[in-house]
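Chemist: One file is attached below, upload28.txt, containing compact mmCIF, C-alpha atoms.
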```txt
# COMPACT_ATOMS: atom_id res chain seq x y z
CA MET V 28 -20.05 2.42 16.33
CA ARG V 29 -18.29 0.38 19.03
CA ASP V 30 -20.11 -2.77 17.86
CA LEU V 31 -18.90 -2.22 14.29
CA ILE V 32 -15.31 -1.67 15.42
CA GLU V 33 -15.39 -4.88 17.45
CA PHE V 34 -16.94 -6.70 14.50
CA ILE V 35 -14.13 -5.60 12.17
CA ARG V 36 -11.55 -6.57 14.76
CA ASP V 37 -13.11 -10.05 14.85
CA LEU V 38 -12.95 -10.28 11.04
CA TYR V 39 -9.22 -9.51 11.07
CA PRO V 40 -8.13 -10.74 14.52
CA ASP V 41 -4.37 -10.85 14.10
CA GLN V 42 -3.75 -7.32 12.83
CA ASP V 43 -2.84 -4.33 15.00
CA ARG V 44 -3.64 -1.95 12.16
CA ILE V 45 -6.28 -3.18 9.75
CA ALA V 46 -5.67 -1.93 6.22
CA LEU V 47 -8.41 -1.04 3.77
CA HIS V 48 -7.32 -3.68 1.26
CA GLU V 49 -4.21 -5.84 1.22
CA PRO V 50 -3.16 -8.40 -1.40
CA VAL V 51 -3.14 -12.12 -0.67
CA PHE V 52 -0.35 -14.26 -2.11
CA ALA V 53 -1.44 -17.84 -1.60
CA GLY V 54 -0.74 -19.50 -4.94
CA ASN V 55 2.06 -19.70 -7.49
CA GLU V 56 3.36 -16.15 -7.08
CA LEU V 57 6.83 -17.15 -5.87
CA ALA V 58 7.16 -19.97 -8.39
CA TYR V 59 6.15 -17.88 -11.39
CA THR V 60 8.22 -14.83 -10.50
CA GLN V 61 11.20 -17.13 -9.91
CA GLN V 62 10.67 -18.60 -13.38
CA ALA V 63 10.60 -15.10 -14.86
CA ILE V 64 13.83 -14.18 -13.08
CA GLU V 65 15.56 -17.37 -14.18
CA SER V 66 14.51 -16.73 -17.78
CA THR V 67 16.26 -13.31 -17.57
CA PHE V 68 13.20 -11.82 -19.34
CA VAL V 69 12.02 -9.53 -16.56
CA SER V 70 11.19 -6.45 -18.61
CA SER V 71 8.67 -5.81 -21.38
CA VAL V 72 9.04 -9.06 -23.33
CA GLY V 73 8.50 -12.56 -21.99
CA ALA V 74 6.34 -15.66 -21.92
CA PHE V 75 4.27 -14.52 -18.93
CA VAL V 76 3.09 -11.38 -20.73
CA ASP V 77 1.71 -13.47 -23.59
CA ARG V 78 0.25 -15.99 -21.17
CA PHE V 79 -1.44 -13.37 -19.03
CA GLU V 80 -3.00 -11.62 -22.01
CA SER V 81 -4.37 -14.92 -23.30
CA GLU V 82 -5.72 -16.05 -19.92
CA LEU V 83 -7.22 -12.65 -19.15
CA ALA V 84 -9.05 -12.57 -22.48
CA ASN V 85 -10.35 -16.05 -21.83
CA TYR V 86 -11.50 -15.17 -18.31
CA THR V 87 -13.33 -11.99 -19.26
CA GLY V 88 -14.69 -13.18 -22.60
CA ALA V 89 -12.92 -10.37 -24.46
CA GLU V 90 -11.53 -11.14 -27.92
CA ARG V 91 -8.22 -9.54 -27.00
CA ALA V 92 -6.47 -8.38 -23.84
CA VAL V 93 -3.42 -6.10 -23.85
CA ALA V 94 -1.33 -5.88 -20.67
CA VAL V 95 -0.01 -2.43 -19.68
CA VAL V 96 1.74 -0.76 -16.76
CA ASN V 97 -1.37 0.48 -14.93
CA GLY V 98 -5.05 1.31 -15.31
CA THR V 99 -4.41 4.99 -15.96
CA SER V 100 -2.22 4.23 -18.97
CA ALA V 101 -4.93 1.87 -20.19
CA LEU V 102 -7.50 4.67 -20.15
CA HIS V 103 -5.06 7.11 -21.75
CA VAL V 104 -4.17 4.89 -24.70
CA ALA V 105 -7.82 3.87 -25.15
CA LEU V 106 -8.74 7.53 -25.63
CA HIS V 107 -5.76 8.12 -27.92
CA ALA V 108 -6.73 5.12 -30.04
CA ILE V 109 -10.16 6.61 -30.80
CA ASP V 110 -8.62 10.00 -31.69
CA VAL V 111 -9.73 11.95 -28.64
CA GLY V 112 -7.77 15.20 -28.57
CA ALA V 113 -7.78 18.93 -27.97
CA ASP V 114 -11.20 20.61 -28.06
CA ASP V 115 -13.03 17.28 -27.60
CA LEU V 116 -15.29 16.54 -24.65
CA VAL V 117 -15.44 13.22 -22.81
CA ILE V 118 -18.30 12.47 -20.44
CA THR V 119 -17.55 10.71 -17.17
CA GLN V 120 -18.85 10.62 -13.60
CA SER V 121 -17.77 13.03 -10.91
CA PHE V 122 -17.61 10.31 -8.24
CA SER V 123 -14.54 8.43 -9.44
CA PHE V 124 -10.85 8.07 -8.78
CA VAL V 125 -8.92 11.02 -10.21
CA ALA V 126 -7.19 8.84 -12.83
CA THR V 127 -10.40 8.73 -14.86
CA ALA V 128 -10.37 12.49 -15.41
CA ASN V 129 -6.58 12.69 -15.61
CA ALA V 130 -6.48 10.27 -18.54
CA ILE V 131 -8.97 12.48 -20.38
CA SER V 132 -6.84 15.54 -19.69
CA TYR V 133 -3.66 13.82 -20.94
CA THR V 134 -5.19 13.86 -24.44
CA GLY V 135 -5.97 17.58 -24.32
CA ALA V 136 -9.70 16.88 -24.08
CA GLU V 137 -11.96 18.17 -21.31
CA PRO V 138 -14.02 16.00 -18.96
CA VAL V 139 -17.74 16.58 -18.47
CA PHE V 140 -18.95 15.41 -15.07
CA ILE V 141 -22.29 13.61 -14.74
CA ASP V 142 -24.11 12.51 -11.60
CA ILE V 143 -24.13 8.95 -10.29
CA GLU V 144 -27.13 6.94 -9.16
CA ARG V 145 -27.64 5.61 -5.67
CA SER V 146 -28.41 2.01 -6.72
CA THR V 147 -25.05 1.37 -8.41
CA LEU V 148 -22.79 4.31 -7.40
CA GLY V 149 -22.01 4.43 -11.13
CA MET V 150 -23.02 6.88 -13.84
CA SER V 151 -26.73 7.61 -13.93
CA PRO V 152 -28.13 6.80 -17.39
CA GLU V 153 -30.91 9.31 -16.74
CA ALA V 154 -28.40 12.05 -15.91
CA LEU V 155 -26.39 11.17 -19.02
CA GLU V 156 -29.43 11.27 -21.29
CA GLY V 157 -30.65 14.47 -19.64
CA PHE V 158 -27.36 16.23 -20.33
CA LEU V 159 -27.28 15.09 -23.95
CA ASP V 160 -30.91 16.07 -24.58
CA SER V 161 -30.58 19.52 -23.01
CA ALA V 162 -27.02 20.53 -23.93
CA CYS V 163 -26.18 18.73 -27.18
CA ASP V 164 -27.22 18.25 -30.81
CA ARG V 165 -26.22 15.93 -33.66
CA ASP V 166 -24.52 17.69 -36.58
CA ASP V 167 -24.78 16.82 -40.27
CA ASN V 168 -21.95 14.31 -39.92
CA GLY V 169 -23.68 12.49 -37.07
CA LYS V 170 -21.33 13.84 -34.41
CA THR V 171 -22.67 14.87 -31.02
CA VAL V 172 -21.85 18.55 -30.50
CA HIS V 173 -22.18 20.65 -27.37
CA LYS V 174 -24.53 23.50 -28.29
CA THR V 175 -22.77 26.30 -26.43
CA THR V 176 -19.12 25.53 -27.18
CA GLY V 177 -19.41 23.63 -30.45
CA LYS V 178 -17.09 20.94 -29.07
CA VAL V 179 -17.60 17.32 -30.05
CA ILE V 180 -18.60 14.77 -27.40
CA LYS V 181 -16.17 12.06 -28.50
CA ALA V 182 -16.48 9.44 -25.76
CA CYS V 183 -18.18 8.42 -22.53
CA ILE V 184 -16.37 6.71 -19.62
CA PRO V 185 -18.60 5.27 -16.88
CA MET V 186 -16.91 3.48 -13.98
CA HIS V 187 -17.93 0.35 -12.10
CA THR V 188 -17.53 1.85 -8.63
CA PHE V 189 -15.97 -0.32 -5.92
CA GLY V 190 -16.57 -3.31 -8.20
CA HIS V 191 -20.35 -2.79 -8.48
CA PRO V 192 -21.43 -2.86 -12.15
CA CYS V 193 -23.28 0.21 -13.34
CA ARG V 194 -26.26 -0.06 -15.72
CA ILE V 195 -23.83 -0.41 -18.57
CA ASP V 196 -26.37 -1.82 -21.04
CA VAL V 197 -28.56 1.29 -20.80
CA ILE V 198 -25.52 3.58 -21.01
CA ARG V 199 -24.34 1.69 -24.09
CA THR V 200 -27.72 2.16 -25.79
CA ILE V 201 -27.64 5.91 -25.08
CA CYS V 202 -24.10 6.19 -26.43
CA ASP V 203 -25.02 4.23 -29.55
CA ASP V 204 -28.04 6.48 -30.15
CA TRP V 205 -25.83 9.58 -29.92
CA GLY V 206 -22.83 8.22 -31.83
CA ILE V 207 -20.58 8.42 -28.75
CA ILE V 208 -17.82 5.84 -28.22
CA LEU V 209 -18.16 3.92 -24.95
CA ILE V 210 -15.03 3.15 -22.92
CA GLU V 211 -15.47 1.30 -19.63
CA ASP V 212 -13.43 2.15 -16.57
CA ALA V 213 -13.44 -1.35 -15.10
CA ALA V 214 -10.36 -0.71 -12.97
CA GLU V 215 -12.03 -1.98 -9.81
CA SER V 216 -14.29 -4.71 -11.15
CA MET V 217 -12.23 -7.75 -12.11
CA GLY V 218 -14.50 -10.70 -11.44
CA SER V 219 -17.72 -8.65 -11.59
CA THR V 220 -20.44 -9.41 -14.12
CA PHE V 221 -23.59 -7.69 -15.34
CA LYS V 222 -26.31 -9.92 -16.74
CA GLY V 223 -23.72 -12.67 -16.92
CA GLN V 224 -21.20 -10.65 -18.95
CA HIS V 225 -17.88 -9.52 -17.49
CA THR V 226 -17.46 -5.80 -16.94
CA GLY V 227 -15.10 -4.09 -19.35
CA THR V 228 -16.50 -5.98 -22.36
CA PHE V 229 -19.62 -3.89 -23.10
CA GLY V 230 -17.92 -0.89 -24.72
CA SER V 231 -15.47 -0.48 -27.55
CA ILE V 232 -12.60 -0.71 -25.03
CA GLY V 233 -12.42 -1.64 -21.34
CA ALA V 234 -9.66 -0.61 -18.93
CA VAL V 235 -8.68 -2.78 -15.94
CA SER V 236 -6.26 -2.19 -13.05
CA PHE V 237 -3.99 -4.60 -11.18
CA ASN V 238 -2.61 -2.11 -8.66
CA GLY V 239 -1.47 -3.45 -5.30
CA ASN V 240 -4.81 -2.67 -3.66
CA LYS V 241 -7.04 -4.37 -6.25
CA ILE V 242 -8.74 -7.76 -5.92
CA ILE V 243 -5.86 -9.28 -7.87
CA THR V 244 -2.55 -7.51 -8.38
CA ALA V 245 0.52 -7.51 -10.56
CA GLY V 246 2.24 -5.17 -8.10
CA ALA V 247 1.46 -2.53 -10.69
CA GLY V 248 -0.33 -3.14 -13.93
CA GLY V 249 -3.42 -2.78 -16.03
CA ALA V 250 -4.99 -4.13 -19.19
CA LEU V 251 -7.13 -3.16 -22.14
CA LEU V 252 -10.04 -5.34 -23.28
CA ALA V 253 -11.24 -5.04 -26.88
CA ASN V 254 -12.07 -6.92 -30.06
CA HIS V 255 -9.33 -8.36 -32.26
CA ALA V 256 -8.97 -5.35 -34.57
CA ILE V 257 -8.90 -2.69 -31.87
CA GLY V 258 -6.81 -4.93 -29.63
CA ALA V 259 -4.12 -5.28 -32.29
CA GLU V 260 -3.93 -1.50 -32.63
CA LEU V 261 -3.76 -1.08 -28.86
CA LYS V 262 -0.93 -3.61 -28.63
CA HIS V 263 0.97 -1.73 -31.31
CA LEU V 264 0.44 1.64 -29.62
CA THR V 265 1.47 0.40 -26.18
CA THR V 266 4.68 -1.14 -27.50
CA THR V 267 5.99 2.21 -28.80
CA ALA V 268 4.37 1.66 -32.22
CA LYS V 269 7.45 -0.30 -33.30
CA GLU V 270 7.25 -2.15 -36.60
CA ALA V 271 8.19 -5.81 -36.43
CA HIS V 272 11.74 -6.41 -37.66
CA PRO V 273 14.56 -8.77 -36.63
CA TRP V 274 16.89 -5.91 -35.70
CA GLY V 275 15.55 -2.57 -36.93
CA PHE V 276 13.98 0.19 -34.85
CA ARG V 277 11.34 1.81 -37.01
CA HIS V 278 8.26 3.34 -35.38
CA ASP V 279 5.35 4.25 -37.64
CA GLN V 280 3.37 6.62 -35.38
CA LEU V 281 3.27 8.19 -31.94
CA GLY V 282 3.38 5.28 -29.52
CA PHE V 283 3.61 4.72 -25.78
CA ASN V 284 6.02 2.67 -23.69
CA TYR V 285 3.18 1.25 -21.61
CA ARG V 286 4.17 -2.43 -21.72
CA MET V 287 3.65 -4.57 -18.63
CA PRO V 288 6.99 -6.13 -17.58
CA ASN V 289 7.24 -9.91 -17.67
CA LEU V 290 8.02 -10.00 -13.95
CA ASN V 291 4.74 -8.27 -13.15
CA ALA V 292 2.90 -10.52 -15.60
CA ALA V 293 4.23 -13.58 -13.77
CA LEU V 294 2.66 -12.29 -10.56
CA ALA V 295 -0.54 -11.47 -12.44
CA CYS V 296 -0.83 -15.00 -13.83
CA ALA V 297 -0.61 -16.47 -10.34
CA GLN V 298 -3.18 -14.03 -9.02
CA LEU V 299 -5.61 -14.63 -11.89
CA GLU V 300 -5.62 -18.33 -11.03
CA GLN V 301 -7.07 -17.40 -7.63
CA LEU V 302 -9.57 -14.73 -8.71
CA ASP V 303 -12.68 -16.88 -8.45
CA ARG V 304 -11.72 -17.90 -4.93
CA PHE V 305 -11.08 -14.29 -3.96
CA VAL V 306 -14.49 -13.23 -5.29
CA VAL V 307 -16.25 -15.93 -3.25
CA ASN V 308 -14.25 -14.88 -0.18
CA LYS V 309 -15.08 -11.20 -0.59
CA ARG V 310 -18.76 -11.90 -1.20
CA LEU V 311 -18.79 -13.75 2.13
CA ILE V 312 -17.21 -10.72 3.78
CA ALA V 313 -19.96 -8.57 2.26
CA GLU V 314 -22.60 -10.88 3.75
CA HIS V 315 -21.02 -10.43 7.18
CA TYR V 316 -20.96 -6.64 6.78
CA GLN V 317 -24.56 -6.59 5.58
CA THR V 318 -25.64 -8.54 8.66
CA ILE V 319 -23.92 -6.22 11.15
CA CYS V 320 -25.09 -3.10 9.30
CA GLN V 321 -28.70 -4.32 9.44
CA LYS V 322 -28.29 -4.98 13.14
CA LEU V 323 -26.93 -1.47 13.69
CA GLY V 324 -29.46 0.24 11.41
CA VAL V 325 -26.75 1.42 8.99
CA GLU V 326 -27.22 1.38 5.21
CA PHE V 327 -24.86 -1.08 3.48
CA ILE V 328 -24.03 -0.78 -0.24
CA SER V 329 -25.26 -4.01 -1.82
CA GLU V 330 -24.70 -5.23 -5.37
CA PRO V 331 -27.14 -3.79 -7.93
CA ASP V 332 -29.89 -5.73 -9.71
CA ASN V 333 -28.70 -8.06 -12.50
CA ALA V 334 -25.13 -7.85 -11.21
CA ARG V 335 -22.66 -10.12 -9.48
CA SER V 336 -20.19 -7.83 -7.76
CA ASN V 337 -16.68 -8.67 -6.64
CA TYR V 338 -17.25 -6.37 -3.63
CA TRP V 339 -13.76 -4.98 -4.05
CA LEU V 340 -14.44 -2.41 -1.36
CA ASN V 341 -17.36 -2.76 1.01
CA ALA V 342 -19.09 0.49 1.85
CA MET V 343 -21.77 1.88 4.12
CA LEU V 344 -23.65 5.17 4.30
CA THR V 345 -23.80 7.12 7.54
CA SER V 346 -26.57 9.57 8.35
CA SER V 347 -24.53 12.71 7.63
CA ARG V 348 -21.08 14.06 6.87
CA ASP V 349 -20.59 14.85 10.54
CA GLU V 350 -21.45 11.28 11.47
CA ARG V 351 -19.12 10.02 8.73
CA ASP V 352 -16.19 12.01 10.08
CA LYS V 353 -16.85 11.00 13.69
CA THR V 354 -16.96 7.35 12.66
CA LEU V 355 -13.74 7.64 10.66
CA HIS V 356 -11.96 9.30 13.58
CA SER V 357 -13.12 6.54 15.91
CA MET V 358 -12.06 3.80 13.52
CA HIS V 359 -8.61 5.27 12.94
CA ASP V 360 -8.15 5.75 16.69
CA ASN V 361 -8.74 2.00 16.96
CA GLY V 362 -6.33 1.05 14.19
CA ILE V 363 -8.97 0.48 11.51
CA LEU V 364 -7.91 2.29 8.33
CA ALA V 365 -11.34 2.94 6.84
CA ARG V 366 -11.69 5.86 4.45
CA PRO V 367 -14.27 8.13 2.83
CA GLY V 368 -15.01 8.08 -0.88
CA TRP V 369 -13.07 10.23 -3.30
CA ASP V 370 -13.63 13.98 -3.33
CA PRO V 371 -15.96 14.58 -6.30
CA LEU V 372 -13.83 15.38 -9.32
CA HIS V 373 -15.72 18.57 -10.16
CA THR V 374 -14.59 20.00 -6.79
CA LEU V 375 -10.86 19.50 -7.41
CA PRO V 376 -8.91 22.67 -8.33
CA MET V 377 -7.86 21.46 -11.79
CA TYR V 378 -11.40 20.44 -12.71
CA GLU V 379 -13.64 22.91 -10.89
CA ASN V 380 -14.27 24.91 -14.07
CA CYS V 381 -15.22 21.92 -16.20
CA MET V 382 -18.72 21.30 -17.50
CA THR V 383 -21.13 19.31 -15.36
CA GLY V 384 -24.63 17.98 -15.64
CA ASP V 385 -27.42 20.09 -14.22
CA ASP V 386 -27.63 18.14 -10.96
CA LEU V 387 -24.89 16.39 -8.98
CA THR V 388 -27.01 15.81 -5.87
CA CYS V 389 -26.36 12.09 -5.57
CA THR V 390 -22.61 12.56 -6.01
CA THR V 391 -22.53 15.08 -3.18
CA GLU V 392 -24.74 13.04 -0.88
CA VAL V 393 -22.76 9.84 -1.36
CA PHE V 394 -19.47 11.63 -0.76
CA ASP V 395 -20.82 13.21 2.42
CA ARG V 396 -22.04 9.91 3.86
CA LEU V 397 -19.94 7.04 2.51
CA ILE V 398 -17.29 5.05 4.37
CA ASN V 399 -15.24 2.28 2.76
CA LEU V 400 -14.66 -0.58 5.18
CA PRO V 401 -11.67 -2.95 5.41
CA SER V 402 -12.18 -5.48 2.62
CA SER V 403 -9.05 -7.62 2.35
CA PRO V 404 -9.77 -11.32 1.76
CA MET V 405 -9.98 -12.98 5.16
CA SER V 406 -7.32 -15.55 5.90
CA SER V 407 -9.93 -17.67 7.70
CA LEU V 408 -11.88 -17.91 4.46
CA THR V 409 -9.05 -18.44 1.98
CA GLU V 410 -9.70 -22.18 1.73
```
Would you encode the structure as structure tokens?
Modeler:
Amino acid sequence: MRDLIEFIRDLYPDQDRIALHEPVFAGNELAYTQQAIESTFVSSVGAFVDRFESELANYTGAERAVAVVNGTSALHVALHAIDVGADDLVITQSFSFVATANAISYTGAEPVFIDIERSTLGMSPEALEGFLDSACDRDDNGKTVHKTTGKVIKACIPMHTFGHPCRIDVIRTICDDWGIILIEDAAESMGSTFKGQHTGTFGSIGAVSFNGNKIITAGAGGALLANHAIGAELKHLTTTAKEAHPWGFRHDQLGFNYRMPNLNAALACAQLEQLDRFVVNKRLIAEHYQTICQKLGVEFISEPDNARSNYWLNAMLTSSRDERDKTLHSMHDNGILARPGWDPLHTLPMYENCMTGDDLTCTTEVFDRLINLPSSPMSSLTE
């Protein structure tokens, strides 16, 4: 892998230690955050919050966007809004960041882990349909019920892994057929589209992240994408369910203090202005990685059919877990902070007793072989 190490060093020539993904602040970040500070509205109310929600909805094509403190809170309140609770089941994929399953657990529900597919690294529609056909029935009220436990399958949360859109249209059809509410974990896929439609807008609710390592960042932050009616309810829930009043403090239901601060929203507005440029930049990086991987005979993870990926994190597949670990050791010894994929969620101690689909072969294979490569926008390509 010496050639690959030298190649990465050439991509990021001025860095002693090359991070997996760093933010780029090359626009109005300082100007907008200064404006927020001078306004004195740096907390949960301010003009930049309203502006960011409007511009994000416009960019993604969603009817409504609601800014929140992070992607995990977005998933949590999305599940709460559709009445997911104790004794419910929520289907998701095992190969995902732990926040996906944690948000399910916050509601008292239990995650069910389904296999991914190799072509997208997202939930396999075939594995989803296979689980539903073999393990579930529809009751007289049209609810999908797990045969053995009698628990209701309330929702399904596929994730667009590393910014690559999953086959969300097929998953949506399956969920519609079974009466299951679809929530998209689009935390990693700002700027990604499937069949020309932005990720996060196919389901009832989409959840987005603007963490410091994402393609655009608010320092911390997230958002919910929904239609006008659901979006209004989500805005109410995330602002502590406070009724509008000039001075009173009446709250009409259990709410959450998940509001994005105005200071973070100012940063987010500046970053959103540059998103298209970042996507072009990162797709160029992916082309470079694909070329070197072909030269070295290594399998590179390319965008799926019908998709335009933001290539948030570039990834390759080694021949084995042993080869993966040797490569990671070599990269880290040379100051390249590559990483493996996440440990499959069904193997973590708090989730090892949860339900799974019959076969998680692809999840295990991808975990054993995958390496995420440094994917920060290149300064040489920022113009």
Chemist: Give me, as a ChimeraX atom specification, all polymer residues having an atom no more than 12 Å from region 84-93 of chain V, counting all atoms listed in the file and skipping those fewer than 6 positions away in the same chain.
Modeler: /V:76-78,100-101,104-105,213,216-221,223-236,248-266,285-287,292,296,299-303
Chemist: I'd like the interatomic distance between CA of Cys320 (chain V) and CA of Val306 (chain V), to a tenth of an Å.
Modeler: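 It comes out at 20.7 Å.
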Chemist: Please measure the separation of CA of Phe237 (chain V) and CA of Thr127 (chain V), giving the value in Å to one decimal.
Modeler: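 These two atoms are separated by 15.2 Å.
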Chemist: At a cut-off of 8 Å, using all atoms listed in the file, what residues contact His187 (chain V)? Leave out same-chain residues fewer than 6 positions from it and give the result as a ChimeraX atom specification.
Modeler: /V:148-149,193,211-216,226
Chemist: May I have the residues within 12 Å of Gly324 (chain V) as a list in words, using all atoms listed in the file and disregarding those fewer than 2 positions away in the same chain?
Modeler: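 Neighbouring residues, sequence-local ones excluded: Met28, Asp30, Leu31, Tyr316, Gln317, Thr318, Ile319, Cys320, Gln321, Lys322, Glu326, Phe327, Met343, Leu344, Thr345 and Ser346 of chain V.
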Chemist: Calculate, to one decimal in Å, the centre and edge lengths of the box along x, y and z of the file that holds all listed atoms of region 215-218 of chain V with 5 Å of margin on each side, and present them as JSON.
Modeler:
```
{"center_x": -13.3, "center_y": -6.3, "center_z": -11.0, "size_x": 12.5, "size_y": 18.7, "size_z": 12.3}
```
Chemist: Have a look at V:Tyr59, V:Trp205, V:Phe34, V:Phe189 and name the one nearest to Gly169 (chain V); count all atoms listed in the file.
Modeler: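 Checking each of V:Tyr59, V:Trp205, V:Phe34, V:Phe189 against Gly169 (chain V), counting all atoms listed in the file, the winner is V:Trp205.
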Chemist: Excluding Tyr39 (chain V) and its own-chain neighbours fewer than 4 positions away, which residues fall within 8 Å of it when counting all atoms listed in the file? Please give them as number ranges by chain.
Modeler: V: 35, 45, 405
Chemist: When you count only C-alpha atoms, which of these residues is closest to Asp203 (chain V): V:Cys183, V:Leu106, V:Leu387, V:Val96?
Modeler: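 Nearest candidate to Asp203 (chain V) out of V:Cys183, V:Leu106, V:Leu387, V:Val96: V:Cys183.
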Chemist: Please report as a Markdown table every residue of region 28-84 of chain V lying within 6 Å of region 354-371 of chain V, along with the nearest atom pair and their distance in Å (one decimal), using all atoms listed in the file.
Modeler:
```
| residue | atom | partner | partner_atom | distance |
| --- | --- | --- | --- | --- |
| V:Arg44 | CA | V:Gly362 | CA | 4.5 |
| V:Ile45 | CA | V:Ile363 | CA | 4.9 |
| V:Ala46 | CA | V:Leu364 | CA | 5.2 |
| V:Leu47 | CA | V:Leu364 | CA | 5.7 |
```
Chemist: Could you please determine the separation between CA of His272 (chain V) and CA of Ser71 (chain V) in Å, to one decimal place?
Modeler: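 Between these atoms lies a distance of 16.6 Å.
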Chemist: With all atoms listed in the file counted, which protein, DNA or RNA residues have an atom no more than 9 Å from (-25.9, 0.6, -6.7) in the file frame? Please answer as an mmCIF file with C-alpha atoms, in the frame of the given file.
Modeler:
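As written to disk, point23.cif reads:
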```cif
data_model
loop_
_atom_site.group_PDB
_atom_site.id
_atom_site.type_symbol
_atom_site.label_atom_id
_atom_site.label_comp_id
_atom_site.auth_asym_id
_atom_site.auth_seq_id
_atom_site.Cartn_x
_atom_site.Cartn_y
_atom_site.Cartn_z
ATOM 1 C CA GLU V 144 -27.130 6.940 -9.160
ATOM 2 C CA ARG V 145 -27.640 5.610 -5.670
ATOM 3 C CA SER V 146 -28.410 2.010 -6.720
ATOM 4 C CA THR V 147 -25.050 1.370 -8.410
ATOM 5 C CA LEU V 148 -22.790 4.310 -7.400
ATOM 6 C CA GLY V 149 -22.010 4.430 -11.130
ATOM 7 C CA THR V 188 -17.530 1.850 -8.630
ATOM 8 C CA HIS V 191 -20.350 -2.790 -8.480
ATOM 9 C CA PRO V 192 -21.430 -2.860 -12.150
ATOM 10 C CA CYS V 193 -23.280 0.210 -13.340
ATOM 11 C CA ILE V 328 -24.030 -0.780 -0.240
ATOM 12 C CA SER V 329 -25.260 -4.010 -1.820
ATOM 13 C CA GLU V 330 -24.700 -5.230 -5.370
ATOM 14 C CA PRO V 331 -27.140 -3.790 -7.930
ATOM 15 C CA ASP V 332 -29.890 -5.730 -9.710
#
```
Chemist: Find, counting all atoms listed in the file, the residue in V:Phe394, V:Gly239, V:Asp37, V:Met377 that gets nearest to Ser132 (chain V).
Modeler: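 Of the candidates, the smallest distance to Ser132 (chain V) is held by V:Met377.
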Chemist: I'd like the neighbourhood of Phe305 (chain V) as a PyMOL selection string, where a residue qualifies if any of its atoms comes within 12 Å (using all atoms listed in the file), though same-chain residues fewer than 2 positions away should be ignored.
Modeler: chain V and resi 50-54+217-219+241-244+298-303+307-312+336-339+402-406+408-410
Chemist: Counting only C-alpha atoms, note down every residue that has an atom within 6 Å of the point (-18.9, 17.8, -14.2) (file coordinates), as a PDB file with C-alpha atoms, in the coordinates of the input.
Modeler:
```
ATOM      1  CA  SER V 121     -17.770  13.030 -10.910  1.00  0.00           C
ATOM      2  CA  VAL V 139     -17.740  16.580 -18.470  1.00  0.00           C
ATOM      3  CA  PHE V 140     -18.950  15.410 -15.070  1.00  0.00           C
ATOM      4  CA  ILE V 141     -22.290  13.610 -14.740  1.00  0.00           C
ATOM      5  CA  HIS V 373     -15.720  18.570 -10.160  1.00  0.00           C
ATOM      6  CA  CYS V 381     -15.220  21.920 -16.200  1.00  0.00           C
ATOM      7  CA  MET V 382     -18.720  21.300 -17.500  1.00  0.00           C
ATOM      8  CA  THR V 383     -21.130  19.310 -15.360  1.00  0.00           C
ATOM      9  CA  GLY V 384     -24.630  17.980 -15.640  1.00  0.00           C
TER      10      GLY V 384
END
```
Chemist: Let me make sure I understand: among V:Ser347, V:Asn341, V:Thr134, V:Thr267, which one has the smallest atom-to-atom distance to Pro401 (chain V) if we use all atoms listed in the file?
Modeler: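 Nearest to Pro401 (chain V): V:Asn341.
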Chemist: Let me make sure I understand: among V:Ile208, V:Val197, V:Leu290, V:Val95, which one has the smallest atom-to-atom distance to Thr67 (chain V) if we use all atoms listed in the file?
Modeler: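 Closest to Thr67 (chain V) of all the choices is V:Leu290.
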Chemist: With distances taken over all atoms listed in the file, which of V:Glu56, V:Leu281, V:Thr388, V:Asn333 is nearest to Ser151 (chain V)?
Modeler: V:Thr388
